[in-house]
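> Here it is, the structure, as structure tokens.
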There are 2 protein chains.
Amino acid sequence: MRRPPVRRGRGLRTGSGASPEVLNLLLVRDQEWQDDDTIAVTGDRARHLFEVLECRPGDDIRVGKPNGFLGRGRILAADRSEVRVACRFDAPPPPARRLELLMAVPRPKVLGRVVEQAVSLGVSRLHLLRAWFVEKSYLKCDLLNHPERMEERVWRGLEVSGRTHVPEVLIHPLFRPFVEDDLDRHLGKGGGRFLAHPGSETPLGRVPLPAEGVLALAIGPERGWTAFEVELLTAHGFQAVSLGDGVLRVETAAVAGLALLAAADASRS
Amino acid sequence: MRRPPVRRGRGLRTGSGASPEVLNLLLVRDQEWQDDDTIAVTGDRARHLFEVLECRPGDDIRVGKPNGFLGRGRILAADRSEVRVACRFDAPPPPARRLELLMAVPRPKVLGRVVEQAVSLGVSRLHLLRAWFVEKSYLKCDLLNHPERMEERVWRGLEVSGRTHVPEVLIHPLFRPFVEDDLDRHLGKGGGRFLAHPGSETPLGRVPLPAEGVLALAIGPERGWTAFEVELLTAHGFQAVSLGDGVLRVETAAVAGLALLAAADASRS
């Protein structure tokens, strides 16, 4: 077995050598535009491009416009403080999905990971809820109180998966008012609303999906929803579904549930 | 909204207060048996039961026998060094699945999480492979060199999900000899073999599954399989499938892939 050449441009690689992080896309930040098709990347991102990915003039990389097209970037100049790239955007991104995830705020260590994973699976919007069994301290975590850090995780999910549709992340600190007063405004009429529930007999993969509207999936806290919360969600159109025959941790349930819902929706059309 | 009572016995709770870990099952270790139906839990597990879950004489908890039945345990005596439980095993566990995961060894931080998640989704066996883009250092990690630590992660996955079938974890440090010489012996004839591949046009959820034999899913390293590895796996019966329209990280792909395969298999029967 011969060592294959490392194909640069196939995957943008970022992060330290010990913990490589594959990026499949460089998503252009607003402030990086120099003119209509040239960008200048600076700071940590420039250092990554130059030192870790070893981008050099003449190399091609994959680029994307937030909420826009994918394309190719040709490196014009590169050093550790600035990398200039000529971009051409000509390919449509994977289509925007109609998936919204409603998730009880998990513990901080898990939150960032789940956000990134949900984004890579194509959620169009992420609602983070305070439920009864969500510990108060979780709401004080960095990620929920520094929008720029949350945005970083969202963008990382996009850059890993090669998507460009930037999902919104909304935080709802009051469960009941959110469900009673705001839910319909956020999710719209029609669509499908599902509640992951280990006790349910209805597999998520087998529920009929409506042709139009948002598909919303609700994932409870590690210790479960309360009976009151389940009743309130059910009264507002959520159908209990099962993700399999075992109980799953929050992060496993979120990924499994979104994958099943996305696949069911894709096979419907 | 009134605070609901915390229902003890609904979920066994372990871990520190700051990072609660829900257990749905106490899986009995060999050395804990006192007689046919009494166990004595000692050490860290006893402290957890007593201090964190606040188990007291008379309380009921969920128990399980490795590779055996589920049941109820009644606490007979409890202090921080020993908890004695009278067990009755009378309920069949979720059925053993026919899912095997072949995964290129991910970086150490990710490995333990993926093992736990894969176990909670019901894999019956886990093969960890050395592929070209697996860094050498990954094979020196603690989890791969201390079987008792790996076992701990496996058991945690079982205790979270309420399963009792203990999956094997096998490490194959030589890719080509494993695929060419050992694969058929491990996976048997028949069954289905799938290779998660972002470029594939065939969604995993839509491939026809055989009625008998093992269902194997192969997940590559973060930087991908080499062309040679894909060819070798394909030559040995693996069909490239897609898990969706974006590229996924290893841990997201493993969870999404297993969830889709398990759901497809469940809806087949």
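For the structure tokens, the naming scheme is as follows: chains receive sequential letters (A, B, ...) according to their order of presentation, residues are indexed from 1 within each chain, and ligands are indexed from 1 in presentation order.
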Please identify all residues of chain A having at least one atom at most 8 Å from any atom of chain B, considering only C-alpha atoms, and return them as a ChimeraX atom specification.
/A:1,3-4,11,19,21-22,24,94,107,117,120-122,132,160-163,203,205-206,222-223,226,228,243-249,252,255-256,259-260,262-263,267
> Could you name the residues that touch Leu143 of chain A at 9 Å or less, counting only C-alpha atoms, but leaving out those on the same chain fewer than 6 positions away, as a PDB file with C-alpha atoms, in the first residue's frame?

ATOM      1  CA  PRO A 108     -22.120  23.652  28.414  1.00  0.00           C
ATOM      2  CA  LEU A 111     -23.863  22.507  23.842  1.00  0.00           C
ATOM      3  CA  GLY A 112     -21.102  23.621  21.471  1.00  0.00           C
ATOM      4  CA  ARG A 149     -18.699  32.443  20.215  1.00  0.00           C
ATOM      5  CA  MET A 150     -21.982  30.824  19.279  1.00  0.00           C
ATOM      6  CA  ARG A 153     -19.589  27.165  16.362  1.00  0.00           C
TER       7      ARG A 153
END
> Just asking: which residues within segment 62-200 of chain A are strand (DSSP E) according to DSSP, as a ChimeraX atom specification?
/A:62-64,70-78,82-91,99-104,125-129,168-172,192-196
> Please list as number ranges by chain every residue within 10 Å of Arg88 of chain B, counting only C-alpha atoms and excluding residues in the same chain fewer than 5 positions away.
B: 36-38, 62-64, 69-74
> If chain B is fitted onto chain A by least squares over all C-alpha atoms, taken pair by pair in sequence order, what do its new coordinates look like as a PDB file with C-alpha atoms, in the first residue's frame?

ATOM      1  CA  MET B   1      -0.084  -0.125  -0.062  1.00  0.00           C
ATOM      2  CA  ARG B   2       1.634   3.088  -1.181  1.00  0.00           C
ATOM      3  CA  ARG B   3       1.163   6.358   0.657  1.00  0.00           C
ATOM      4  CA  PRO B   4      -1.244   8.394  -1.452  1.00  0.00           C
ATOM      5  CA  PRO B   5      -0.412  12.018  -2.103  1.00  0.00           C
ATOM      6  CA  VAL B   6      -2.185  14.398   0.256  1.00  0.00           C
ATOM      7  CA  ARG B   7      -4.598  16.166  -2.027  1.00  0.00           C
ATOM      8  CA  ARG B   8      -4.647  19.799  -1.034  1.00  0.00           C
ATOM      9  CA  GLY B   9      -7.908  21.523  -1.886  1.00  0.00           C
ATOM     10  CA  ARG B  10      -9.887  18.325  -1.373  1.00  0.00           C
ATOM     11  CA  GLY B  11     -10.356  19.237   2.246  1.00  0.00           C
ATOM     12  CA  LEU B  12      -9.116  22.393   3.894  1.00  0.00           C
ATOM     13  CA  ARG B  13      -7.359  21.337   7.017  1.00  0.00           C
ATOM     14  CA  THR B  14      -7.249  23.573  10.046  1.00  0.00           C
ATOM     15  CA  GLY B  15      -6.368  23.238  13.748  1.00  0.00           C
ATOM     16  CA  SER B  16      -3.165  21.909  15.276  1.00  0.00           C
ATOM     17  CA  GLY B  17      -1.378  18.839  14.006  1.00  0.00           C
ATOM     18  CA  ALA B  18      -2.400  16.848  17.066  1.00  0.00           C
ATOM     19  CA  SER B  19      -6.058  17.547  16.525  1.00  0.00           C
ATOM     20  CA  PRO B  20      -6.665  18.045  12.828  1.00  0.00           C
ATOM     21  CA  GLU B  21      -9.940  19.649  11.940  1.00  0.00           C
ATOM     22  CA  VAL B  22     -11.079  19.105   8.430  1.00  0.00           C
ATOM     23  CA  LEU B  23     -12.771  22.042   6.763  1.00  0.00           C
ATOM     24  CA  ASN B  24     -14.437  21.508   3.460  1.00  0.00           C
ATOM     25  CA  LEU B  25     -15.076  25.144   2.809  1.00  0.00           C
ATOM     26  CA  LEU B  26     -13.731  28.604   3.648  1.00  0.00           C
ATOM     27  CA  LEU B  27     -16.833  30.670   4.396  1.00  0.00           C
ATOM     28  CA  VAL B  28     -16.034  34.308   3.710  1.00  0.00           C
ATOM     29  CA  ARG B  29     -16.561  36.753   6.606  1.00  0.00           C
ATOM     30  CA  ASP B  30     -18.045  40.200   5.786  1.00  0.00           C
ATOM     31  CA  GLN B  31     -14.953  42.145   6.749  1.00  0.00           C
ATOM     32  CA  GLU B  32     -12.723  40.012   4.527  1.00  0.00           C
ATOM     33  CA  TRP B  33     -14.013  41.408   1.220  1.00  0.00           C
ATOM     34  CA  GLN B  34     -11.505  43.655  -0.590  1.00  0.00           C
ATOM     35  CA  ASP B  35     -13.455  44.089  -3.803  1.00  0.00           C
ATOM     36  CA  ASP B  36     -16.101  42.090  -5.693  1.00  0.00           C
ATOM     37  CA  ASP B  37     -14.044  38.957  -5.896  1.00  0.00           C
ATOM     38  CA  THR B  38     -10.952  39.272  -3.726  1.00  0.00           C
ATOM     39  CA  ILE B  39     -10.798  38.524  -0.032  1.00  0.00           C
ATOM     40  CA  ALA B  40      -8.068  39.104   2.538  1.00  0.00           C
ATOM     41  CA  VAL B  41      -8.060  36.646   5.420  1.00  0.00           C
ATOM     42  CA  THR B  42      -6.157  37.797   8.506  1.00  0.00           C
ATOM     43  CA  GLY B  43      -5.515  36.749  12.116  1.00  0.00           C
ATOM     44  CA  ASP B  44      -5.924  33.140  13.223  1.00  0.00           C
ATOM     45  CA  ARG B  45      -7.585  32.113   9.993  1.00  0.00           C
ATOM     46  CA  ALA B  46      -4.653  33.403   7.958  1.00  0.00           C
ATOM     47  CA  ARG B  47      -2.197  31.576  10.189  1.00  0.00           C
ATOM     48  CA  HIS B  48      -4.181  28.360   9.755  1.00  0.00           C
ATOM     49  CA  LEU B  49      -4.327  28.686   6.003  1.00  0.00           C
ATOM     50  CA  PHE B  50      -0.621  29.427   5.784  1.00  0.00           C
ATOM     51  CA  GLU B  51       0.915  27.210   8.472  1.00  0.00           C
ATOM     52  CA  VAL B  52      -1.401  24.266   8.856  1.00  0.00           C
ATOM     53  CA  LEU B  53      -2.970  23.923   5.414  1.00  0.00           C
ATOM     54  CA  GLU B  54       0.196  25.223   3.779  1.00  0.00           C
ATOM     55  CA  CYS B  55      -1.745  27.286   1.268  1.00  0.00           C
ATOM     56  CA  ARG B  56       0.621  28.943  -1.205  1.00  0.00           C
ATOM     57  CA  PRO B  57       0.099  31.276  -4.212  1.00  0.00           C
ATOM     58  CA  GLY B  58      -1.473  29.321  -7.078  1.00  0.00           C
ATOM     59  CA  ASP B  59      -3.267  26.796  -4.831  1.00  0.00           C
ATOM     60  CA  ASP B  60      -7.023  26.337  -5.163  1.00  0.00           C
ATOM     61  CA  ILE B  61      -9.366  26.075  -2.197  1.00  0.00           C
ATOM     62  CA  ARG B  62     -13.115  25.776  -1.782  1.00  0.00           C
ATOM     63  CA  VAL B  63     -14.901  28.962  -0.775  1.00  0.00           C
ATOM     64  CA  GLY B  64     -18.486  29.913   0.045  1.00  0.00           C
ATOM     65  CA  LYS B  65     -20.580  33.048   0.562  1.00  0.00           C
ATOM     66  CA  PRO B  66     -22.752  33.067   3.703  1.00  0.00           C
ATOM     67  CA  ASN B  67     -26.313  32.378   2.540  1.00  0.00           C
ATOM     68  CA  GLY B  68     -24.953  32.267  -0.996  1.00  0.00           C
ATOM     69  CA  PHE B  69     -23.038  30.251  -3.565  1.00  0.00           C
ATOM     70  CA  LEU B  70     -20.073  27.913  -3.324  1.00  0.00           C
ATOM     71  CA  GLY B  71     -17.021  28.441  -5.482  1.00  0.00           C
ATOM     72  CA  ARG B  72     -13.272  28.183  -5.970  1.00  0.00           C
ATOM     73  CA  GLY B  73     -10.639  30.454  -4.526  1.00  0.00           C
ATOM     74  CA  ARG B  74      -7.159  30.910  -5.992  1.00  0.00           C
ATOM     75  CA  ILE B  75      -4.497  31.930  -3.485  1.00  0.00           C
ATOM     76  CA  LEU B  76      -2.864  35.174  -4.694  1.00  0.00           C
ATOM     77  CA  ALA B  77      -0.521  35.876  -1.814  1.00  0.00           C
ATOM     78  CA  ALA B  78       0.079  34.181   1.511  1.00  0.00           C
ATOM     79  CA  ASP B  79       2.060  34.739   4.660  1.00  0.00           C
ATOM     80  CA  ARG B  80       1.256  34.038   8.306  1.00  0.00           C
ATOM     81  CA  SER B  81      -0.556  37.344   8.826  1.00  0.00           C
ATOM     82  CA  GLU B  82      -2.564  37.659   5.621  1.00  0.00           C
ATOM     83  CA  VAL B  83      -3.803  35.371   2.856  1.00  0.00           C
ATOM     84  CA  ARG B  84      -5.360  36.961  -0.248  1.00  0.00           C
ATOM     85  CA  VAL B  85      -7.709  34.863  -2.330  1.00  0.00           C
ATOM     86  CA  ALA B  86      -9.410  35.526  -5.682  1.00  0.00           C
ATOM     87  CA  CYS B  87     -12.867  33.929  -5.502  1.00  0.00           C
ATOM     88  CA  ARG B  88     -15.349  32.808  -8.117  1.00  0.00           C
ATOM     89  CA  PHE B  89     -18.750  31.703  -6.890  1.00  0.00           C
ATOM     90  CA  ASP B  90     -20.557  29.521  -9.390  1.00  0.00           C
ATOM     91  CA  ALA B  91     -22.032  26.463  -7.643  1.00  0.00           C
ATOM     92  CA  PRO B  92     -25.321  26.296  -5.726  1.00  0.00           C
ATOM     93  CA  PRO B  93     -24.889  25.025  -2.142  1.00  0.00           C
ATOM     94  CA  PRO B  94     -26.824  22.047  -0.758  1.00  0.00           C
ATOM     95  CA  PRO B  95     -30.457  23.219  -0.552  1.00  0.00           C
ATOM     96  CA  ALA B  96     -31.679  24.853   2.659  1.00  0.00           C
ATOM     97  CA  ARG B  97     -33.546  22.326   4.755  1.00  0.00           C
ATOM     98  CA  ARG B  98     -36.800  22.921   6.555  1.00  0.00           C
ATOM     99  CA  LEU B  99     -35.588  21.391   9.818  1.00  0.00           C
ATOM    100  CA  GLU B 100     -35.800  23.238  13.106  1.00  0.00           C
ATOM    101  CA  LEU B 101     -34.397  21.786  16.297  1.00  0.00           C
ATOM    102  CA  LEU B 102     -35.954  22.704  19.644  1.00  0.00           C
ATOM    103  CA  MET B 103     -33.565  21.575  22.302  1.00  0.00           C
ATOM    104  CA  ALA B 104     -33.518  21.961  26.064  1.00  0.00           C
ATOM    105  CA  VAL B 105     -30.196  23.667  26.870  1.00  0.00           C
ATOM    106  CA  PRO B 106     -27.711  20.834  27.513  1.00  0.00           C
ATOM    107  CA  ARG B 107     -24.700  21.223  29.748  1.00  0.00           C
ATOM    108  CA  PRO B 108     -22.100  23.661  28.397  1.00  0.00           C
ATOM    109  CA  LYS B 109     -19.564  21.012  27.373  1.00  0.00           C
ATOM    110  CA  VAL B 110     -22.167  19.358  25.177  1.00  0.00           C
ATOM    111  CA  LEU B 111     -23.850  22.489  23.820  1.00  0.00           C
ATOM    112  CA  GLY B 112     -21.105  23.628  21.450  1.00  0.00           C
ATOM    113  CA  ARG B 113     -20.696  20.132  19.988  1.00  0.00           C
ATOM    114  CA  VAL B 114     -24.413  19.664  19.422  1.00  0.00           C
ATOM    115  CA  VAL B 115     -24.757  23.073  17.768  1.00  0.00           C
ATOM    116  CA  GLU B 116     -21.932  22.238  15.386  1.00  0.00           C
ATOM    117  CA  GLN B 117     -23.350  18.781  14.628  1.00  0.00           C
ATOM    118  CA  ALA B 118     -26.901  20.059  14.135  1.00  0.00           C
ATOM    119  CA  VAL B 119     -25.632  22.741  11.754  1.00  0.00           C
ATOM    120  CA  SER B 120     -23.622  20.181   9.804  1.00  0.00           C
ATOM    121  CA  LEU B 121     -26.805  18.115   9.413  1.00  0.00           C
ATOM    122  CA  GLY B 122     -28.550  21.145   7.919  1.00  0.00           C
ATOM    123  CA  VAL B 123     -30.883  22.623  10.561  1.00  0.00           C
ATOM    124  CA  SER B 124     -32.349  25.894   9.364  1.00  0.00           C
ATOM    125  CA  ARG B 125     -32.979  27.209  12.882  1.00  0.00           C
ATOM    126  CA  LEU B 126     -32.051  26.155  16.380  1.00  0.00           C
ATOM    127  CA  HIS B 127     -34.197  26.994  19.406  1.00  0.00           C
ATOM    128  CA  LEU B 128     -32.557  26.545  22.797  1.00  0.00           C
ATOM    129  CA  LEU B 129     -35.134  26.194  25.569  1.00  0.00           C
ATOM    130  CA  ARG B 130     -35.075  26.438  29.298  1.00  0.00           C
ATOM    131  CA  ALA B 131     -36.989  23.379  30.507  1.00  0.00           C
ATOM    132  CA  TRP B 132     -37.619  22.241  34.081  1.00  0.00           C
ATOM    133  CA  PHE B 133     -34.669  19.885  34.278  1.00  0.00           C
ATOM    134  CA  VAL B 134     -32.231  22.363  32.735  1.00  0.00           C
ATOM    135  CA  GLU B 135     -29.889  23.483  35.510  1.00  0.00           C
ATOM    136  CA  LYS B 136     -29.884  27.248  36.035  1.00  0.00           C
ATOM    137  CA  SER B 137     -26.107  27.413  35.699  1.00  0.00           C
ATOM    138  CA  TYR B 138     -26.282  26.130  32.102  1.00  0.00           C
ATOM    139  CA  LEU B 139     -27.828  29.415  30.999  1.00  0.00           C
ATOM    140  CA  LYS B 140     -24.862  31.348  32.296  1.00  0.00           C
ATOM    141  CA  CYS B 141     -22.410  29.511  30.061  1.00  0.00           C
ATOM    142  CA  ASP B 142     -20.091  31.363  27.727  1.00  0.00           C
ATOM    143  CA  LEU B 143     -21.659  30.157  24.513  1.00  0.00           C
ATOM    144  CA  LEU B 144     -25.115  31.482  25.412  1.00  0.00           C
ATOM    145  CA  ASN B 145     -23.794  34.842  26.542  1.00  0.00           C
ATOM    146  CA  HIS B 146     -21.294  35.609  23.810  1.00  0.00           C
ATOM    147  CA  PRO B 147     -23.073  35.609  20.451  1.00  0.00           C
ATOM    148  CA  GLU B 148     -19.756  35.749  18.609  1.00  0.00           C
ATOM    149  CA  ARG B 149     -18.684  32.439  20.185  1.00  0.00           C
ATOM    150  CA  MET B 150     -21.967  30.816  19.258  1.00  0.00           C
ATOM    151  CA  GLU B 151     -21.563  32.168  15.729  1.00  0.00           C
ATOM    152  CA  GLU B 152     -18.095  30.619  15.594  1.00  0.00           C
ATOM    153  CA  ARG B 153     -19.553  27.163  16.348  1.00  0.00           C
ATOM    154  CA  VAL B 154     -22.287  27.663  13.764  1.00  0.00           C
ATOM    155  CA  TRP B 155     -19.765  28.661  11.107  1.00  0.00           C
ATOM    156  CA  ARG B 156     -17.579  25.698  11.977  1.00  0.00           C
ATOM    157  CA  GLY B 157     -20.532  23.379  11.367  1.00  0.00           C
ATOM    158  CA  LEU B 158     -21.071  25.032   7.993  1.00  0.00           C
ATOM    159  CA  GLU B 159     -17.387  24.885   7.042  1.00  0.00           C
ATOM    160  CA  VAL B 160     -17.185  21.182   7.964  1.00  0.00           C
ATOM    161  CA  SER B 161     -20.271  20.192   6.022  1.00  0.00           C
ATOM    162  CA  GLY B 162     -19.863  22.478   3.016  1.00  0.00           C
ATOM    163  CA  ARG B 163     -23.111  24.353   3.629  1.00  0.00           C
ATOM    164  CA  THR B 164     -23.646  28.099   3.273  1.00  0.00           C
ATOM    165  CA  HIS B 165     -27.134  28.697   4.703  1.00  0.00           C
ATOM    166  CA  VAL B 166     -26.435  30.272   8.101  1.00  0.00           C
ATOM    167  CA  PRO B 167     -29.023  29.082  10.637  1.00  0.00           C
ATOM    168  CA  GLU B 168     -30.329  31.344  13.383  1.00  0.00           C
ATOM    169  CA  VAL B 169     -29.812  30.320  17.004  1.00  0.00           C
ATOM    170  CA  LEU B 170     -32.540  31.580  19.356  1.00  0.00           C
ATOM    171  CA  ILE B 171     -32.585  31.302  23.140  1.00  0.00           C
ATOM    172  CA  HIS B 172     -35.941  31.045  24.919  1.00  0.00           C
ATOM    173  CA  PRO B 173     -35.485  31.291  28.676  1.00  0.00           C
ATOM    174  CA  LEU B 174     -39.201  30.890  29.512  1.00  0.00           C
ATOM    175  CA  PHE B 175     -40.651  27.579  28.399  1.00  0.00           C
ATOM    176  CA  ARG B 176     -44.367  28.089  28.829  1.00  0.00           C
ATOM    177  CA  PRO B 177     -44.647  31.599  27.314  1.00  0.00           C
ATOM    178  CA  PHE B 178     -42.495  30.440  24.415  1.00  0.00           C
ATOM    179  CA  VAL B 179     -44.695  27.431  23.650  1.00  0.00           C
ATOM    180  CA  GLU B 180     -48.005  29.203  24.273  1.00  0.00           C
ATOM    181  CA  ASP B 181     -47.300  32.565  22.664  1.00  0.00           C
ATOM    182  CA  ASP B 182     -44.345  32.334  20.287  1.00  0.00           C
ATOM    183  CA  LEU B 183     -44.239  28.836  18.849  1.00  0.00           C
ATOM    184  CA  ASP B 184     -46.723  29.316  16.014  1.00  0.00           C
ATOM    185  CA  ARG B 185     -45.069  32.558  14.989  1.00  0.00           C
ATOM    186  CA  HIS B 186     -41.679  30.832  14.806  1.00  0.00           C
ATOM    187  CA  LEU B 187     -42.682  27.543  13.211  1.00  0.00           C
ATOM    188  CA  GLY B 188     -45.617  28.811  11.151  1.00  0.00           C
ATOM    189  CA  LYS B 189     -48.803  26.885  10.488  1.00  0.00           C
ATOM    190  CA  GLY B 190     -48.725  23.470   8.855  1.00  0.00           C
ATOM    191  CA  GLY B 191     -45.498  21.517   8.862  1.00  0.00           C
ATOM    192  CA  GLY B 192     -44.730  18.680  11.264  1.00  0.00           C
ATOM    193  CA  ARG B 193     -43.844  18.811  14.957  1.00  0.00           C
ATOM    194  CA  PHE B 194     -42.176  15.868  16.649  1.00  0.00           C
ATOM    195  CA  LEU B 195     -41.145  15.163  20.190  1.00  0.00           C
ATOM    196  CA  ALA B 196     -38.456  12.533  20.778  1.00  0.00           C
ATOM    197  CA  HIS B 197     -39.852  10.292  23.484  1.00  0.00           C
ATOM    198  CA  PRO B 198     -38.284   6.953  24.475  1.00  0.00           C
ATOM    199  CA  GLY B 199     -41.712   5.556  25.399  1.00  0.00           C
ATOM    200  CA  SER B 200     -43.317   6.201  22.008  1.00  0.00           C
ATOM    201  CA  GLU B 201     -44.269   3.338  19.696  1.00  0.00           C
ATOM    202  CA  THR B 202     -44.084   5.482  16.544  1.00  0.00           C
ATOM    203  CA  PRO B 203     -40.663   5.443  14.873  1.00  0.00           C
ATOM    204  CA  LEU B 204     -39.672   8.903  13.591  1.00  0.00           C
ATOM    205  CA  GLY B 205     -38.675   7.371  10.263  1.00  0.00           C
ATOM    206  CA  ARG B 206     -42.235   6.144   9.640  1.00  0.00           C
ATOM    207  CA  VAL B 207     -44.391   9.187  10.364  1.00  0.00           C
ATOM    208  CA  PRO B 208     -45.928  10.756   7.266  1.00  0.00           C
ATOM    209  CA  LEU B 209     -44.407  14.180   6.601  1.00  0.00           C
ATOM    210  CA  PRO B 210     -46.429  17.089   5.241  1.00  0.00           C
ATOM    211  CA  ALA B 211     -45.409  18.450   1.846  1.00  0.00           C
ATOM    212  CA  GLU B 212     -45.053  21.999   3.139  1.00  0.00           C
ATOM    213  CA  GLY B 213     -44.024  23.860   6.255  1.00  0.00           C
ATOM    214  CA  VAL B 214     -41.286  23.462   8.811  1.00  0.00           C
ATOM    215  CA  LEU B 215     -40.303  20.105  10.329  1.00  0.00           C
ATOM    216  CA  ALA B 216     -39.585  20.666  14.011  1.00  0.00           C
ATOM    217  CA  LEU B 217     -37.943  18.173  16.339  1.00  0.00           C
ATOM    218  CA  ALA B 218     -37.961  18.675  20.110  1.00  0.00           C
ATOM    219  CA  ILE B 219     -35.262  17.057  22.261  1.00  0.00           C
ATOM    220  CA  GLY B 220     -35.592  17.221  26.045  1.00  0.00           C
ATOM    221  CA  PRO B 221     -33.014  17.586  28.795  1.00  0.00           C
ATOM    222  CA  GLU B 222     -30.821  14.670  29.889  1.00  0.00           C
ATOM    223  CA  ARG B 223     -33.262  13.967  32.728  1.00  0.00           C
ATOM    224  CA  GLY B 224     -36.298  14.211  30.463  1.00  0.00           C
ATOM    225  CA  TRP B 225     -39.215  16.571  29.979  1.00  0.00           C
ATOM    226  CA  THR B 226     -41.678  16.831  32.859  1.00  0.00           C
ATOM    227  CA  ALA B 227     -45.190  15.454  32.330  1.00  0.00           C
ATOM    228  CA  PHE B 228     -46.397  19.072  32.162  1.00  0.00           C
ATOM    229  CA  GLU B 229     -43.922  19.926  29.412  1.00  0.00           C
ATOM    230  CA  VAL B 230     -44.892  16.885  27.360  1.00  0.00           C
ATOM    231  CA  GLU B 231     -48.583  17.795  27.722  1.00  0.00           C
ATOM    232  CA  LEU B 232     -47.962  21.412  26.721  1.00  0.00           C
ATOM    233  CA  LEU B 233     -45.934  20.434  23.653  1.00  0.00           C
ATOM    234  CA  THR B 234     -48.510  17.797  22.707  1.00  0.00           C
ATOM    235  CA  ALA B 235     -51.305  20.363  23.057  1.00  0.00           C
ATOM    236  CA  HIS B 236     -49.362  22.520  20.614  1.00  0.00           C
ATOM    237  CA  GLY B 237     -49.171  19.937  17.895  1.00  0.00           C
ATOM    238  CA  PHE B 238     -46.095  17.894  18.821  1.00  0.00           C
ATOM    239  CA  GLN B 239     -46.373  14.165  18.153  1.00  0.00           C
ATOM    240  CA  ALA B 240     -44.327  11.821  20.346  1.00  0.00           C
ATOM    241  CA  VAL B 241     -41.956   9.703  18.257  1.00  0.00           C
ATOM    242  CA  SER B 242     -39.290   7.152  19.021  1.00  0.00           C
ATOM    243  CA  LEU B 243     -35.703   7.278  17.723  1.00  0.00           C
ATOM    244  CA  GLY B 244     -35.103   3.575  18.355  1.00  0.00           C
ATOM    245  CA  ASP B 245     -35.489   1.029  21.116  1.00  0.00           C
ATOM    246  CA  GLY B 246     -33.058   2.447  23.670  1.00  0.00           C
ATOM    247  CA  VAL B 247     -32.789   5.657  25.661  1.00  0.00           C
ATOM    248  CA  LEU B 248     -30.315   8.112  24.158  1.00  0.00           C
ATOM    249  CA  ARG B 249     -28.257  10.929  25.572  1.00  0.00           C
ATOM    250  CA  VAL B 250     -29.163  14.428  24.395  1.00  0.00           C
ATOM    251  CA  GLU B 251     -26.378  14.727  21.835  1.00  0.00           C
ATOM    252  CA  THR B 252     -26.971  11.256  20.416  1.00  0.00           C
ATOM    253  CA  ALA B 253     -30.717  11.897  20.222  1.00  0.00           C
ATOM    254  CA  ALA B 254     -30.240  15.255  18.480  1.00  0.00           C
ATOM    255  CA  VAL B 255     -27.947  13.818  15.807  1.00  0.00           C
ATOM    256  CA  ALA B 256     -29.944  10.600  15.315  1.00  0.00           C
ATOM    257  CA  GLY B 257     -33.249  12.494  15.224  1.00  0.00           C
ATOM    258  CA  LEU B 258     -32.083  15.109  12.722  1.00  0.00           C
ATOM    259  CA  ALA B 259     -30.506  12.462  10.495  1.00  0.00           C
ATOM    260  CA  LEU B 260     -33.727  10.402  10.486  1.00  0.00           C
ATOM    261  CA  LEU B 261     -35.940  13.424   9.854  1.00  0.00           C
ATOM    262  CA  ALA B 262     -33.721  14.777   7.065  1.00  0.00           C
ATOM    263  CA  ALA B 263     -33.582  11.345   5.408  1.00  0.00           C
ATOM    264  CA  ALA B 264     -37.346  10.867   5.673  1.00  0.00           C
ATOM    265  CA  ASP B 265     -37.912  14.317   4.171  1.00  0.00           C
ATOM    266  CA  ALA B 266     -35.450  13.685   1.335  1.00  0.00           C
ATOM    267  CA  SER B 267     -37.086  10.356   0.448  1.00  0.00           C
ATOM    268  CA  ARG B 268     -40.566  11.952   0.506  1.00  0.00           C
ATOM    269  CA  SER B 269     -39.817  14.185  -2.457  1.00  0.00           C
TER     270      SER B 269
END
